[in-house]
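Participant: Below are the structure tokens for one structure; questions will follow.
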Amino acid sequence: MLKRFLNIIVFVSIVCVQAQASWLNEPLRVNIQEVNKDKKTISFPAYDLKVGESGFVLVKLADYSAISAKLQIISIDNGVAVAEFSPFDRMKQKYLPTPRLEPKVGDMAVFRDLNNKAFLIAPDSTTYEKIKSQIKDTTFMSSDLLMGYLNDYGGFDPKPKFLRKACEVYSVGLLYVVASNGINVLDCETLATLDTFAFDTSKVSKTSAPFFSRLEEVKTGSLASLFYSKKSKQYFQYYDALVQNNQASPKEENPKKSRPKKEP
């Protein structure tokens, strides 16, 4: 009876994840209403956007559209979102000219354009398959791709810089991470936590390192590989810290340091 009850709880939790996470999969386009070139920020209606979400600016030219900048939402207040803009470098090519465009009022801010694809980091095969099979509106890229790229990238622990690069290479918008507090949905560009859902991990008795994959770590036998950090062998401790250290929070302006006054 208890086992059946626990299974019902897990099923209900997964259904809730599926229902609540769907809002993250709908692309959102909104016109820019204000540009602050000094602070490198733009403003526009917030809708249901979250602090930490990433996007880009689409500018309409004579006979085509172009991406002029990448965005990260740094604050939301009274229904108005403020996003910091910076050069769009996802498709940077050294043999192509660097665009000189900057966002302007009337351009389009685009968010969640790649959120239909995600990576899932889970502690074991059971958890991985259960989540992947229940969330229907997201295409989960195989964790084997993530492991293969990690082996090629170098190192053992999937650090933030690696995760951002992997998402860029595979055009993935979201990263689902199973941690002690449940399922965390992270923005792949900023690694800010956009949502968290309850999920029971008490039945996980043995974890895979650095995460579940059908591929094993490639052991190169090199001296460098002996000194790789392998903190992710403590799965929950590692990913709890990764999620916590990348929590979305409004960026503080860096005030100019005033020089101390000289004593008369």
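We label chains A, B, ... in the order they appear in the structure tokens, count residues from 1 in each chain, and number ligands from 1 in the order shown.
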Would you mind listing what lies within 10 Å of Lys233 in chain A as a count of residues only, with only C-alpha atoms counted and same-chain residues fewer than 4 positions away left out?
Facilitator: 10
Participant: Using DSSP on the backbone coordinates, identify the residues of range 52-260 of chain A assigned to helix (DSSP H, G or I); present them as a VMD selection string.
Facilitator: chain A and resid 125 to 134 143 to 153 160 to 169 223 to 226 231 to 233 235 to 245
Participant: Neighbouring residues of Phe56 in chain A were defined as those with any atom within 10 Å, considering only C-alpha atoms; residues of the same chain fewer than 4 positions away were excluded. Please report them as a list of chain:residue names.
Facilitator: A:Arg29, A:Ile67, A:Ser68, A:Ala69, A:Lys70, A:Leu71, A:Gln72, A:Ala83, A:Phe85, A:Ser86, A:Pro87, A:Phe88, A:Pro103, A:Met108, A:Ala109, A:Val110, A:Phe111, A:Arg112, A:Asp113
Participant: With N, CA and C atoms retained, write the just-selected residues as a PDB file, in the first residue's frame.
Facilitator:
```
ATOM      1  N   ARG A  29       8.286  37.212 -28.346  1.00  0.00           N
ATOM      2  CA  ARG A  29       8.879  38.344 -29.052  1.00  0.00           C
ATOM      3  C   ARG A  29       8.186  39.624 -28.597  1.00  0.00           C
ATOM      4  N   ILE A  67      20.535  39.490 -36.316  1.00  0.00           N
ATOM      5  CA  ILE A  67      20.688  39.531 -34.864  1.00  0.00           C
ATOM      6  C   ILE A  67      21.765  40.551 -34.525  1.00  0.00           C
ATOM      7  N   SER A  68      21.407  41.523 -33.695  1.00  0.00           N
ATOM      8  CA  SER A  68      22.351  42.601 -33.397  1.00  0.00           C
ATOM      9  C   SER A  68      23.012  42.481 -32.028  1.00  0.00           C
ATOM     10  N   ALA A  69      22.417  41.708 -31.096  1.00  0.00           N
ATOM     11  CA  ALA A  69      22.992  41.608 -29.758  1.00  0.00           C
ATOM     12  C   ALA A  69      22.371  40.437 -29.013  1.00  0.00           C
ATOM     13  N   LYS A  70      23.058  39.979 -27.986  1.00  0.00           N
ATOM     14  CA  LYS A  70      22.467  38.978 -27.098  1.00  0.00           C
ATOM     15  C   LYS A  70      21.995  39.676 -25.826  1.00  0.00           C
ATOM     16  N   LEU A  71      21.049  39.066 -25.135  1.00  0.00           N
ATOM     17  CA  LEU A  71      20.406  39.699 -23.988  1.00  0.00           C
ATOM     18  C   LEU A  71      20.421  38.807 -22.763  1.00  0.00           C
ATOM     19  N   GLN A  72      20.407  39.447 -21.599  1.00  0.00           N
ATOM     20  CA  GLN A  72      20.173  38.766 -20.334  1.00  0.00           C
ATOM     21  C   GLN A  72      19.335  39.677 -19.458  1.00  0.00           C
ATOM     22  N   ALA A  83      16.962  44.416 -19.631  1.00  0.00           N
ATOM     23  CA  ALA A  83      17.930  43.418 -20.082  1.00  0.00           C
ATOM     24  C   ALA A  83      19.234  44.081 -20.466  1.00  0.00           C
ATOM     25  N   PHE A  85      22.491  44.170 -22.781  1.00  0.00           N
ATOM     26  CA  PHE A  85      22.847  43.651 -24.099  1.00  0.00           C
ATOM     27  C   PHE A  85      24.358  43.680 -24.299  1.00  0.00           C
ATOM     28  N   SER A  86      24.838  42.734 -25.098  1.00  0.00           N
ATOM     29  CA  SER A  86      26.264  42.606 -25.396  1.00  0.00           C
ATOM     30  C   SER A  86      26.392  41.992 -26.790  1.00  0.00           C
ATOM     31  N   PRO A  87      27.585  42.012 -27.381  1.00  0.00           N
ATOM     32  CA  PRO A  87      27.742  41.488 -28.737  1.00  0.00           C
ATOM     33  C   PRO A  87      27.295  40.030 -28.849  1.00  0.00           C
ATOM     34  N   PHE A  88      26.612  39.721 -29.926  1.00  0.00           N
ATOM     35  CA  PHE A  88      26.149  38.354 -30.170  1.00  0.00           C
ATOM     36  C   PHE A  88      27.314  37.553 -30.746  1.00  0.00           C
ATOM     37  N   PRO A 103      21.132  47.650 -30.466  1.00  0.00           N
ATOM     38  CA  PRO A 103      19.672  47.685 -30.310  1.00  0.00           C
ATOM     39  C   PRO A 103      19.138  49.111 -30.336  1.00  0.00           C
ATOM     40  N   MET A 108      13.156  44.023 -32.112  1.00  0.00           N
ATOM     41  CA  MET A 108      12.458  42.929 -31.442  1.00  0.00           C
ATOM     42  C   MET A 108      13.383  42.186 -30.490  1.00  0.00           C
ATOM     43  N   ALA A 109      12.952  42.048 -29.236  1.00  0.00           N
ATOM     44  CA  ALA A 109      13.669  41.212 -28.273  1.00  0.00           C
ATOM     45  C   ALA A 109      13.033  39.827 -28.309  1.00  0.00           C
ATOM     46  N   VAL A 110      13.850  38.813 -28.544  1.00  0.00           N
ATOM     47  CA  VAL A 110      13.353  37.442 -28.721  1.00  0.00           C
ATOM     48  C   VAL A 110      13.873  36.556 -27.589  1.00  0.00           C
ATOM     49  N   PHE A 111      12.953  35.817 -26.967  1.00  0.00           N
ATOM     50  CA  PHE A 111      13.319  34.910 -25.875  1.00  0.00           C
ATOM     51  C   PHE A 111      12.715  33.523 -26.119  1.00  0.00           C
ATOM     52  N   ARG A 112      13.365  32.507 -25.535  1.00  0.00           N
ATOM     53  CA  ARG A 112      12.882  31.115 -25.533  1.00  0.00           C
ATOM     54  C   ARG A 112      12.831  30.497 -26.926  1.00  0.00           C
ATOM     55  N   ASP A 113      13.614  31.036 -27.842  1.00  0.00           N
ATOM     56  CA  ASP A 113      13.578  30.546 -29.212  1.00  0.00           C
ATOM     57  C   ASP A 113      14.139  29.130 -29.336  1.00  0.00           C
TER      58      ASP A 113
END
```
Participant: Extract, using only C-alpha atoms, all DNA, RNA and protein residues at most 12 Å from range 136-141 of chain A, discarding same-chain residues fewer than 2 positions from it, and format them as number ranges by chain.
Facilitator: A: 14-15, 17-26, 114-121, 128-134, 143-147, 166-167, 169-176, 185, 213
Participant: Please determine, counting only C-alpha atoms, which residue among A:Lys50, A:Asp107, A:Ala62, A:Val57 has the shortest atom-to-atom distance to Ile32 in chain A.
Facilitator: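 Looking only at the distances to Ile32 in chain A, the closest residue turns out to be A:Asp107.
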Participant: Which residue out of A:Ile73, A:Ala81, A:Leu49, A:Ala122 has the minimum interatomic distance to Tyr239 in chain A when only C-alpha atoms are used?
Facilitator: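 Result for the nearest residue to Tyr239 in chain A: A:Ala122.
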Participant: I need the residue nearest Phe44 in chain A from this list: A:Gly182, A:Pro27, A:Gly79, A:Pro123. Use only C-alpha atoms for the distance.
Facilitator: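 Smallest separation from Phe44 in chain A among the options: A:Gly79.
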Participant: Excluding Gln244 in chain A and any residue of its chain fewer than 5 positions from it, enumerate the residues within 12 Å of it, using only C-alpha atoms, and give them as a VMD selection string.
Facilitator: chain A and resid 177 179 to 181 184 186 191 to 193 196 236 to 239 249
Participant: Take the residues from that selection and put them in a file with all heavy atoms, as a compact mmCIF listing (two decimals), in the first residue's frame.
Facilitator:
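Now in part_25.txt:
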```txt
# COMPACT_ATOMS: atom_id res chain seq x y z
N VAL A 177 18.37 19.97 -14.41
CA VAL A 177 19.33 19.37 -13.48
C VAL A 177 18.58 18.81 -12.28
O VAL A 177 17.89 19.54 -11.57
CB VAL A 177 20.37 20.41 -13.00
CG1 VAL A 177 21.35 19.76 -12.01
CG2 VAL A 177 21.13 21.00 -14.18
N ALA A 179 18.66 17.77 -8.68
CA ALA A 179 19.47 18.00 -7.49
C ALA A 179 18.66 17.59 -6.26
O ALA A 179 17.57 17.03 -6.39
CB ALA A 179 19.88 19.46 -7.41
N SER A 180 19.19 17.85 -5.08
CA SER A 180 18.50 17.43 -3.85
C SER A 180 17.12 18.07 -3.71
O SER A 180 16.21 17.47 -3.14
CB SER A 180 19.36 17.77 -2.62
OG SER A 180 20.54 17.02 -2.62
N ASN A 181 16.99 19.30 -4.21
CA ASN A 181 15.73 20.03 -4.04
C ASN A 181 14.71 19.72 -5.13
O ASN A 181 13.62 20.29 -5.15
CB ASN A 181 15.99 21.53 -4.02
CG ASN A 181 16.52 22.06 -5.35
OD1 ASN A 181 17.16 21.32 -6.10
ND2 ASN A 181 16.26 23.32 -5.65
N ASN A 184 15.57 21.20 -11.38
CA ASN A 184 15.84 22.62 -11.61
C ASN A 184 15.95 22.87 -13.11
O ASN A 184 16.68 22.17 -13.81
CB ASN A 184 17.15 23.02 -10.93
CG ASN A 184 17.11 22.79 -9.44
OD1 ASN A 184 16.68 23.64 -8.68
ND2 ASN A 184 17.55 21.60 -9.01
N LEU A 186 17.26 25.32 -15.84
CA LEU A 186 18.24 26.40 -15.99
C LEU A 186 18.25 26.94 -17.40
O LEU A 186 18.04 26.18 -18.36
CB LEU A 186 19.65 25.90 -15.63
CG LEU A 186 20.07 25.84 -14.17
CD1 LEU A 186 19.12 24.97 -13.34
CD2 LEU A 186 21.49 25.30 -14.06
N LEU A 191 22.75 30.00 -17.12
CA LEU A 191 22.68 29.00 -16.06
C LEU A 191 21.89 29.49 -14.85
O LEU A 191 22.02 28.96 -13.75
CB LEU A 191 24.06 28.52 -15.63
CG LEU A 191 24.87 27.78 -16.70
CD1 LEU A 191 26.15 27.21 -16.10
CD2 LEU A 191 24.07 26.67 -17.36
N ALA A 192 21.08 30.52 -15.05
CA ALA A 192 20.18 30.99 -13.99
C ALA A 192 19.02 30.01 -13.87
O ALA A 192 18.53 29.46 -14.86
CB ALA A 192 19.64 32.38 -14.33
N THR A 193 18.57 29.76 -12.64
CA THR A 193 17.45 28.86 -12.40
C THR A 193 16.14 29.59 -12.70
O THR A 193 15.82 30.59 -12.06
CB THR A 193 17.45 28.38 -10.93
OG1 THR A 193 18.69 27.73 -10.64
CG2 THR A 193 16.30 27.40 -10.70
N THR A 196 11.82 25.49 -10.51
CA THR A 196 12.18 24.30 -9.75
C THR A 196 10.91 23.51 -9.43
O THR A 196 9.90 24.10 -9.05
CB THR A 196 12.90 24.67 -8.43
OG1 THR A 196 14.05 25.46 -8.73
CG2 THR A 196 13.33 23.42 -7.68
N PHE A 236 24.99 14.63 -5.79
CA PHE A 236 24.06 15.64 -5.26
C PHE A 236 24.79 16.83 -4.66
O PHE A 236 24.35 17.97 -4.80
CB PHE A 236 23.11 15.00 -4.24
CG PHE A 236 22.06 14.14 -4.87
CD1 PHE A 236 22.13 12.76 -4.79
CD2 PHE A 236 21.02 14.72 -5.59
CE1 PHE A 236 21.18 11.97 -5.39
CE2 PHE A 236 20.05 13.93 -6.20
CZ PHE A 236 20.13 12.54 -6.10
N GLN A 237 25.90 16.59 -4.01
CA GLN A 237 26.68 17.70 -3.45
C GLN A 237 27.18 18.63 -4.55
O GLN A 237 27.12 19.86 -4.42
CB GLN A 237 27.86 17.13 -2.66
CG GLN A 237 28.71 18.19 -1.96
CD GLN A 237 29.82 17.57 -1.13
OE1 GLN A 237 29.72 16.44 -0.66
NE2 GLN A 237 30.90 18.32 -0.94
N TYR A 238 27.62 18.04 -5.66
CA TYR A 238 28.18 18.84 -6.76
C TYR A 238 27.09 19.67 -7.44
O TYR A 238 27.26 20.88 -7.66
CB TYR A 238 28.85 17.92 -7.78
CG TYR A 238 29.49 18.68 -8.92
CD1 TYR A 238 30.73 19.27 -8.79
CD2 TYR A 238 28.82 18.82 -10.16
CE1 TYR A 238 31.32 19.98 -9.84
CE2 TYR A 238 29.40 19.53 -11.20
CZ TYR A 238 30.65 20.10 -11.04
OH TYR A 238 31.21 20.80 -12.07
N TYR A 239 25.97 19.02 -7.78
CA TYR A 239 24.94 19.74 -8.54
C TYR A 239 24.10 20.67 -7.66
O TYR A 239 23.57 21.66 -8.15
CB TYR A 239 24.07 18.75 -9.32
CG TYR A 239 24.84 18.14 -10.47
CD1 TYR A 239 25.33 16.84 -10.39
CD2 TYR A 239 25.16 18.90 -11.59
CE1 TYR A 239 26.08 16.30 -11.43
CE2 TYR A 239 25.90 18.37 -12.63
CZ TYR A 239 26.36 17.07 -12.55
OH TYR A 239 27.12 16.55 -13.57
N SER A 249 19.84 36.59 -10.05
CA SER A 249 19.65 37.73 -9.15
C SER A 249 19.97 38.99 -9.91
O SER A 249 20.83 39.01 -10.79
CB SER A 249 20.57 37.61 -7.93
OG SER A 249 21.93 37.58 -8.34
```
